[in-house]
Amino acid sequence: MKHQTPMTCTRRKHTMKVASLTILGMLIFASTLIAQQGSALSFDGSDDRVTVPYDSSFPTEVFTVTAWIKTLPSMGRSAIIARGEDDNSFNLSWQAYVQPDGTLQVMLENQNDNNFCYPFSCMGQPQPTCTFGNLFVADDLWHHIAITRSASGVLVLYVDGQAESTCTQTGVPSSNNFQSLTIGCTHGTIGPPPGGVEPPIWFFPGLIDEPAMWNVALTAGEVSTVFQNGVDPDGAGLVGYWDFDAGSGQPVLDLSVAANHGFLGTDGNLAGDPADPEWVSLDVEFHRADCNADGQTDIADAVSVLNYLFGSGAEPPCGDACDINDDGSLDISDAISSLADLFDPTFPPIPPPHPGCGADPTSDGVNCSAFPPCP
């Protein structure tokens, strides 16, 4: 069961795992909301980008790229991550982008300057070797995208951990490409570039987080694991993982062993430049134990927890506030903790943030998409 947040710079919900537990003969659903704290980068759709200087470890024919994105439909194509046009060969290798209609698309180009787009052709026609699913990702919600291409030419496009399109007999990406990797745009032009330099194009409007790149084609199960649990920095074949959690500064560090570090904008100048995307926080301040978010802690909060677990109560907008004992799940022990805090002075204190507002000091997987009582 997937949950995405509205268009705010908050922590995102990756997914919800629902496990059934029998307690006192009743069925309780303990929800573990996989989430992350930290920051992301906001791209203006005009000139913002992240640049990763070319390295021979960049994959070409066999690859996987993933990222979390949050965007709306735009007037043109919006590149997420790309090995764009080379200044000398005029060849690109591959690029993942969002179409003007809000769907995920991939372009490959071979060494003969032939472009291949999937699952729709570059002219917008369905590719006969592709299957088609729901590739719409421009709805102002967080989506996880993944693209894999195998040695046999099978290209798979995933959205939120699910394979939505599979294409066979795909074009072979050009290896004659020494262009920098770009996040938030690509490079290219029709015909030889002016002055011999391929210009940046297809700027992305919105948020991007945790882009990653492998020199292997991940399996469907491995893509699902990345979607559910995040990228393993020590994973086999990983040659780029930029978690965007620095929150400030020009460097964009690669956490993989390949150490393909990048920088904001067009150069690593610490003073910055106009093409720098903006760091944004994904954390939401909340008050633990104020489950119903009414600005106070009382018996109504325990009732809210129980109503969610056993009744018809909606999923709380701030799971962290209802995870009253901060054990990383929502269950009957949270209602017990709420009541004990109110009526048992010997009960251990509620974990922070309590009794006031603050960010979650623990990264336990429970999410908070909004908490209006806190600034």
# chains A, B, ... in the order shown; residues from 1 in each chain; ligands from 1
call {"tool": "select_by_dssp", "arguments": {"residues": "segment 96-285 of chain A", "states": "strand (DSSP E)", "output": "PyMOL selection string"}}
result
chain A and resi 96-98+104-109+115-118+143-149+155-159+162-167+181-183+186-187+200-201+205-214+238-241+251-252+262-264+278-281
call {"tool": "residues_around", "arguments": {"residues": "Thr148 of chain A", "least_positions_apart": "4", "cutoff": "9 Å", "atoms": "only C-alpha atoms", "output": "list in words"}}
result
Val62, Phe63, Thr64, Val65, Thr66, Val154, Leu155, Val156, Leu157, Tyr158, Val216, Ala217, Leu218 and Thr219 of chain A
call {"tool": "select_by_dssp", "arguments": {"residues": "segment 193-239 of chain A", "states": "alpha helix (DSSP H)", "output": "NGL selection string"}}
result
:A and (220-229)
call {"tool": "residues_around", "arguments": {"residues": "segment 91-100 of chain A", "least_positions_apart": "4", "cutoff": "6 Å", "atoms": "only C-alpha atoms", "output": "list in words"}}
result
Pro73, Ser74, Met75, Gly76, Arg77, Ser78, Ala79, Ile80, Ile81, Ala82, Arg83, Gly84, Glu85, Asp86, Leu104, Gln105, Val106, Met107, Leu108, Glu109, Asp113, Pro173 and Ser174 of chain A
call {"tool": "write_last_selection", "arguments": {"atoms": "C-alpha atoms", "output": "JSON list (two decimals), in the first residue's frame"}}
result
[["chain", "number", "residue", "atom", "x", "y", "z"],
["A", 73, "PRO", "CA", 3.55, 18.33, -15.86],
["A", 74, "SER", "CA", 5.59, 20.96, -17.71],
["A", 75, "MET", "CA", 5.60, 22.45, -21.18],
["A", 76, "GLY", "CA", 8.57, 20.33, -22.27],
["A", 77, "ARG", "CA", 10.58, 17.25, -21.40],
["A", 78, "SER", "CA", 12.17, 17.20, -17.95],
["A", 79, "ALA", "CA", 15.37, 15.19, -17.52],
["A", 80, "ILE", "CA", 15.85, 13.39, -14.21],
["A", 81, "ILE", "CA", 19.29, 11.83, -14.73],
["A", 82, "ALA", "CA", 21.22, 11.65, -17.98],
["A", 83, "ARG", "CA", 24.36, 10.77, -19.86],
["A", 84, "GLY", "CA", 23.61, 13.42, -22.46],
["A", 85, "GLU", "CA", 25.16, 14.38, -25.80],
["A", 86, "ASP", "CA", 28.95, 14.25, -26.00],
["A", 104, "LEU", "CA", 8.20, 8.47, -17.48],
["A", 105, "GLN", "CA", 10.24, 7.92, -20.65],
["A", 106, "VAL", "CA", 13.75, 6.76, -21.61],
["A", 107, "MET", "CA", 15.91, 7.74, -24.58],
["A", 108, "LEU", "CA", 18.88, 5.74, -25.86],
["A", 109, "GLU", "CA", 21.20, 6.71, -28.72],
["A", 113, "ASP", "CA", 23.30, 9.00, -33.95],
["A", 173, "PRO", "CA", 23.54, 3.01, -26.08],
["A", 174, "SER", "CA", 26.67, 4.67, -27.42]]
call {"tool": "closest_residue", "arguments": {"among": "A:Asp87, A:Asp140, A:Asp320, A:Glu164", "to": "Ser369 of chain A", "atoms": "only C-alpha atoms"}}
result
A:Asp320
call {"tool": "closest_atom_pairs", "arguments": {"of": "segment 38-142 of chain A", "to": "segment 165-169 of chain A", "cutoff": "8 Å", "atoms": "only C-alpha atoms", "output": "JSON lines"}}
result
{"residue": "A:Tyr118", "atom": "CA", "partner": "A:Cys167", "partner_atom": "CA", "distance": 7.3}
{"residue": "A:Pro119", "atom": "CA", "partner": "A:Cys167", "partner_atom": "CA", "distance": 6.7}
{"residue": "A:Thr129", "atom": "CA", "partner": "A:Cys167", "partner_atom": "CA", "distance": 5.4}
{"residue": "A:Cys130", "atom": "CA", "partner": "A:Cys167", "partner_atom": "CA", "distance": 4.0}
{"residue": "A:Thr131", "atom": "CA", "partner": "A:Ser165", "partner_atom": "CA", "distance": 5.1}
{"residue": "A:Phe132", "atom": "CA", "partner": "A:Ser165", "partner_atom": "CA", "distance": 4.9}
{"residue": "A:Gly133", "atom": "CA", "partner": "A:Ser165", "partner_atom": "CA", "distance": 5.7}
{"residue": "A:Leu135", "atom": "CA", "partner": "A:Ser165", "partner_atom": "CA", "distance": 7.8}
call {"tool": "residues_around", "arguments": {"residues": "Asn88 of chain A", "least_positions_apart": "3", "cutoff": "12 Å", "atoms": "only C-alpha atoms", "output": "VMD selection string"}}
result
chain A and resid 84 to 85 91 to 92 111 176 to 179 188 191 to 198
call {"tool": "write_last_selection", "arguments": {"atoms": "N, CA, C and O atoms", "output": "compact mmCIF listing (two decimals), in the first residue's frame"}}
result
# COMPACT_ATOMS: atom_id res chain seq x y z
N GLY A 84 24.06 12.70 -21.28
CA GLY A 84 23.61 13.42 -22.46
C GLY A 84 24.63 13.47 -23.58
O GLY A 84 25.66 12.79 -23.56
N GLU A 85 24.34 14.30 -24.59
CA GLU A 85 25.16 14.38 -25.80
C GLU A 85 26.62 14.74 -25.49
O GLU A 85 26.90 15.68 -24.75
N ASN A 91 26.92 12.01 -29.51
CA ASN A 91 26.13 10.86 -29.07
C ASN A 91 25.77 11.01 -27.60
O ASN A 91 26.60 11.41 -26.79
N LEU A 92 24.53 10.68 -27.27
CA LEU A 92 24.19 10.48 -25.87
C LEU A 92 24.18 8.98 -25.62
O LEU A 92 24.16 8.18 -26.56
N GLN A 111 25.81 4.66 -31.61
CA GLN A 111 26.98 5.37 -32.13
C GLN A 111 26.75 5.94 -33.52
O GLN A 111 27.58 6.70 -34.03
N ASN A 176 30.67 5.86 -26.98
CA ASN A 176 31.54 6.96 -27.39
C ASN A 176 31.01 8.26 -26.78
O ASN A 176 30.57 9.18 -27.47
N ASN A 177 31.03 8.30 -25.46
CA ASN A 177 30.41 9.41 -24.74
C ASN A 177 31.26 9.71 -23.51
O ASN A 177 31.44 8.86 -22.64
N PHE A 178 31.75 10.94 -23.44
CA PHE A 178 32.59 11.37 -22.32
C PHE A 178 31.98 12.59 -21.64
O PHE A 178 32.67 13.36 -20.99
N GLN A 179 30.66 12.73 -21.81
CA GLN A 179 29.94 13.85 -21.21
C GLN A 179 29.77 13.62 -19.71
O GLN A 179 29.66 12.48 -19.24
N GLY A 188 22.34 18.39 -25.14
CA GLY A 188 22.06 17.98 -26.51
C GLY A 188 21.48 19.09 -27.35
O GLY A 188 21.00 20.11 -26.84
N GLY A 191 21.68 18.42 -34.50
CA GLY A 191 22.81 18.78 -35.33
C GLY A 191 24.02 19.14 -34.50
O GLY A 191 23.99 19.12 -33.27
N PRO A 192 25.13 19.50 -35.16
CA PRO A 192 26.36 19.88 -34.44
C PRO A 192 26.08 21.05 -33.50
O PRO A 192 25.38 22.00 -33.85
N PRO A 193 26.62 20.97 -32.29
CA PRO A 193 26.34 22.02 -31.31
C PRO A 193 27.05 23.33 -31.65
O PRO A 193 28.12 23.32 -32.25
N PRO A 194 26.46 24.46 -31.29
CA PRO A 194 27.10 25.76 -31.54
C PRO A 194 28.40 25.87 -30.74
O PRO A 194 28.42 25.64 -29.54
N GLY A 195 29.48 26.20 -31.44
CA GLY A 195 30.76 26.33 -30.76
C GLY A 195 31.33 25.02 -30.29
O GLY A 195 32.28 24.99 -29.50
N GLY A 196 30.75 23.90 -30.74
CA GLY A 196 31.26 22.59 -30.37
C GLY A 196 30.92 22.16 -28.96
O GLY A 196 31.49 21.19 -28.46
N VAL A 197 29.99 22.84 -28.31
CA VAL A 197 29.62 22.50 -26.93
C VAL A 197 28.13 22.20 -26.88
O VAL A 197 27.30 23.05 -27.22
N GLU A 198 27.79 20.98 -26.46
CA GLU A 198 26.39 20.59 -26.35
C GLU A 198 25.74 21.37 -25.20
O GLU A 198 26.19 21.30 -24.06
call {"tool": "residues_around", "arguments": {"residues": "segment 251-258 of chain A", "least_positions_apart": "4", "cutoff": "8 Å", "atoms": "only C-alpha atoms", "output": "count of residues only"}}
result
16
call {"tool": "closest_residue", "arguments": {"among": "A:Ala236, A:Trp279, A:Phe116, A:Gln296", "to": "Ala40 of chain A", "atoms": "only C-alpha atoms"}}
result
A:Trp279
call {"tool": "closest_residue", "arguments": {"among": "A:Leu72, A:Val366, A:Met213, A:Cys357", "to": "Leu330 of chain A", "atoms": "only C-alpha atoms"}}
result
A:Val366
call {"tool": "residues_around", "arguments": {"residues": "Arg49 of chain A", "least_positions_apart": "4", "cutoff": "10 Å", "atoms": "only C-alpha atoms", "output": "ChimeraX atom specification"}}
result
/A:41-45,79-81,182-186,200,203-204,263-266,274-278
call {"tool": "write_last_selection", "arguments": {"atoms": "C-alpha atoms", "output": "short mmCIF file (atom, residue, chain, number, x, y, z; two decimals), in the first residue's frame"}}
result
data_model
loop_
_atom_site.label_atom_id
_atom_site.label_comp_id
_atom_site.auth_asym_id
_atom_site.auth_seq_id
_atom_site.Cartn_x
_atom_site.Cartn_y
_atom_site.Cartn_z
CA LEU A 41 17.28 19.32 -4.00
CA SER A 42 14.73 21.62 -5.60
CA PHE A 43 15.25 22.34 -9.31
CA ASP A 44 13.73 25.45 -10.90
CA GLY A 45 13.09 24.01 -14.38
CA ALA A 79 15.37 15.19 -17.52
CA ILE A 80 15.85 13.39 -14.21
CA ILE A 81 19.29 11.83 -14.73
CA THR A 182 23.77 15.45 -15.09
CA ILE A 183 20.88 15.36 -12.62
CA GLY A 184 18.03 17.76 -13.35
CA CYS A 185 18.88 18.29 -17.04
CA THR A 186 20.57 16.69 -20.02
CA PRO A 200 22.09 21.87 -21.33
CA PHE A 203 15.51 21.23 -17.14
CA PHE A 204 13.56 19.49 -14.38
CA PHE A 263 28.65 19.58 -7.40
CA LEU A 264 25.73 21.95 -7.70
CA GLY A 265 25.38 23.94 -10.90
CA THR A 266 28.07 24.28 -13.53
CA PRO A 274 22.90 30.70 -10.85
CA ALA A 275 22.48 27.07 -11.95
CA ASP A 276 22.60 25.74 -8.38
CA PRO A 277 19.47 23.87 -7.26
CA GLU A 278 18.24 24.71 -3.77
#
call {"tool": "residues_around", "arguments": {"residues": "Asp301 of chain A", "least_positions_apart": "5", "cutoff": "8 Å", "atoms": "only C-alpha atoms", "output": "mmCIF file with N, CA and C atoms, in the first residue's frame"}}
result
data_model
loop_
_atom_site.group_PDB
_atom_site.id
_atom_site.type_symbol
_atom_site.label_atom_id
_atom_site.label_comp_id
_atom_site.auth_asym_id
_atom_site.auth_seq_id
_atom_site.Cartn_x
_atom_site.Cartn_y
_atom_site.Cartn_z
ATOM 1 N N ALA A 289 2.920 12.295 20.917
ATOM 2 C CA ALA A 289 1.798 12.014 21.824
ATOM 3 C C ALA A 289 0.559 12.845 21.509
ATOM 4 N N ASP A 290 0.687 13.877 20.666
ATOM 5 C CA ASP A 290 -0.497 14.623 20.225
ATOM 6 C C ASP A 290 -0.994 13.974 18.938
ATOM 7 N N CYS A 291 -1.551 12.776 19.078
ATOM 8 C CA CYS A 291 -1.894 11.962 17.913
ATOM 9 C C CYS A 291 -2.962 12.600 17.042
ATOM 10 N N ASN A 292 -3.938 13.256 17.660
ATOM 11 C CA ASN A 292 -5.006 13.860 16.857
ATOM 12 C C ASN A 292 -4.679 15.281 16.414
ATOM 13 N N CYS A 322 1.834 9.749 16.664
ATOM 14 C CA CYS A 322 1.080 8.634 17.240
ATOM 15 C C CYS A 322 1.978 7.480 17.671
ATOM 16 N N ALA A 335 -1.165 3.466 22.540
ATOM 17 C CA ALA A 335 -2.310 3.915 23.339
ATOM 18 C C ALA A 335 -2.031 3.726 24.827
ATOM 19 N N SER A 338 0.265 6.438 25.965
ATOM 20 C CA SER A 338 -0.443 7.709 26.082
ATOM 21 C C SER A 338 -1.187 7.799 27.412
#
call {"tool": "decode", "arguments": {"residues": "segment 245-266 of chain A", "atoms": "C-alpha atoms", "output": "mmCIF file, in the first residue's frame"}}
result
data_model
loop_
_atom_site.group_PDB
_atom_site.id
_atom_site.type_symbol
_atom_site.label_atom_id
_atom_site.label_comp_id
_atom_site.auth_asym_id
_atom_site.auth_seq_id
_atom_site.Cartn_x
_atom_site.Cartn_y
_atom_site.Cartn_z
ATOM 1 C CA ASP A 245 21.399 14.813 2.607
ATOM 2 C CA ALA A 246 24.169 17.400 3.037
ATOM 3 C CA GLY A 247 21.560 20.142 3.306
ATOM 4 C CA SER A 248 23.994 22.882 2.282
ATOM 5 C CA GLY A 249 27.165 23.583 0.338
ATOM 6 C CA GLN A 250 28.339 22.988 -3.233
ATOM 7 C CA PRO A 251 29.736 19.422 -3.116
ATOM 8 C CA VAL A 252 27.400 16.508 -3.843
ATOM 9 C CA LEU A 253 29.075 13.439 -2.395
ATOM 10 C CA ASP A 254 28.817 9.976 -3.915
ATOM 11 C CA LEU A 255 28.425 7.371 -1.161
ATOM 12 C CA SER A 256 29.354 4.449 -3.432
ATOM 13 C CA VAL A 257 32.871 3.012 -3.630
ATOM 14 C CA ALA A 258 33.231 4.641 -7.071
ATOM 15 C CA ALA A 259 33.428 8.065 -5.372
ATOM 16 C CA ASN A 260 31.890 9.875 -8.354
ATOM 17 C CA HIS A 261 31.466 13.133 -6.471
ATOM 18 C CA GLY A 262 29.632 16.007 -8.106
ATOM 19 C CA PHE A 263 28.650 19.581 -7.398
ATOM 20 C CA LEU A 264 25.729 21.951 -7.701
ATOM 21 C CA GLY A 265 25.384 23.940 -10.895
ATOM 22 C CA THR A 266 28.070 24.277 -13.527
#
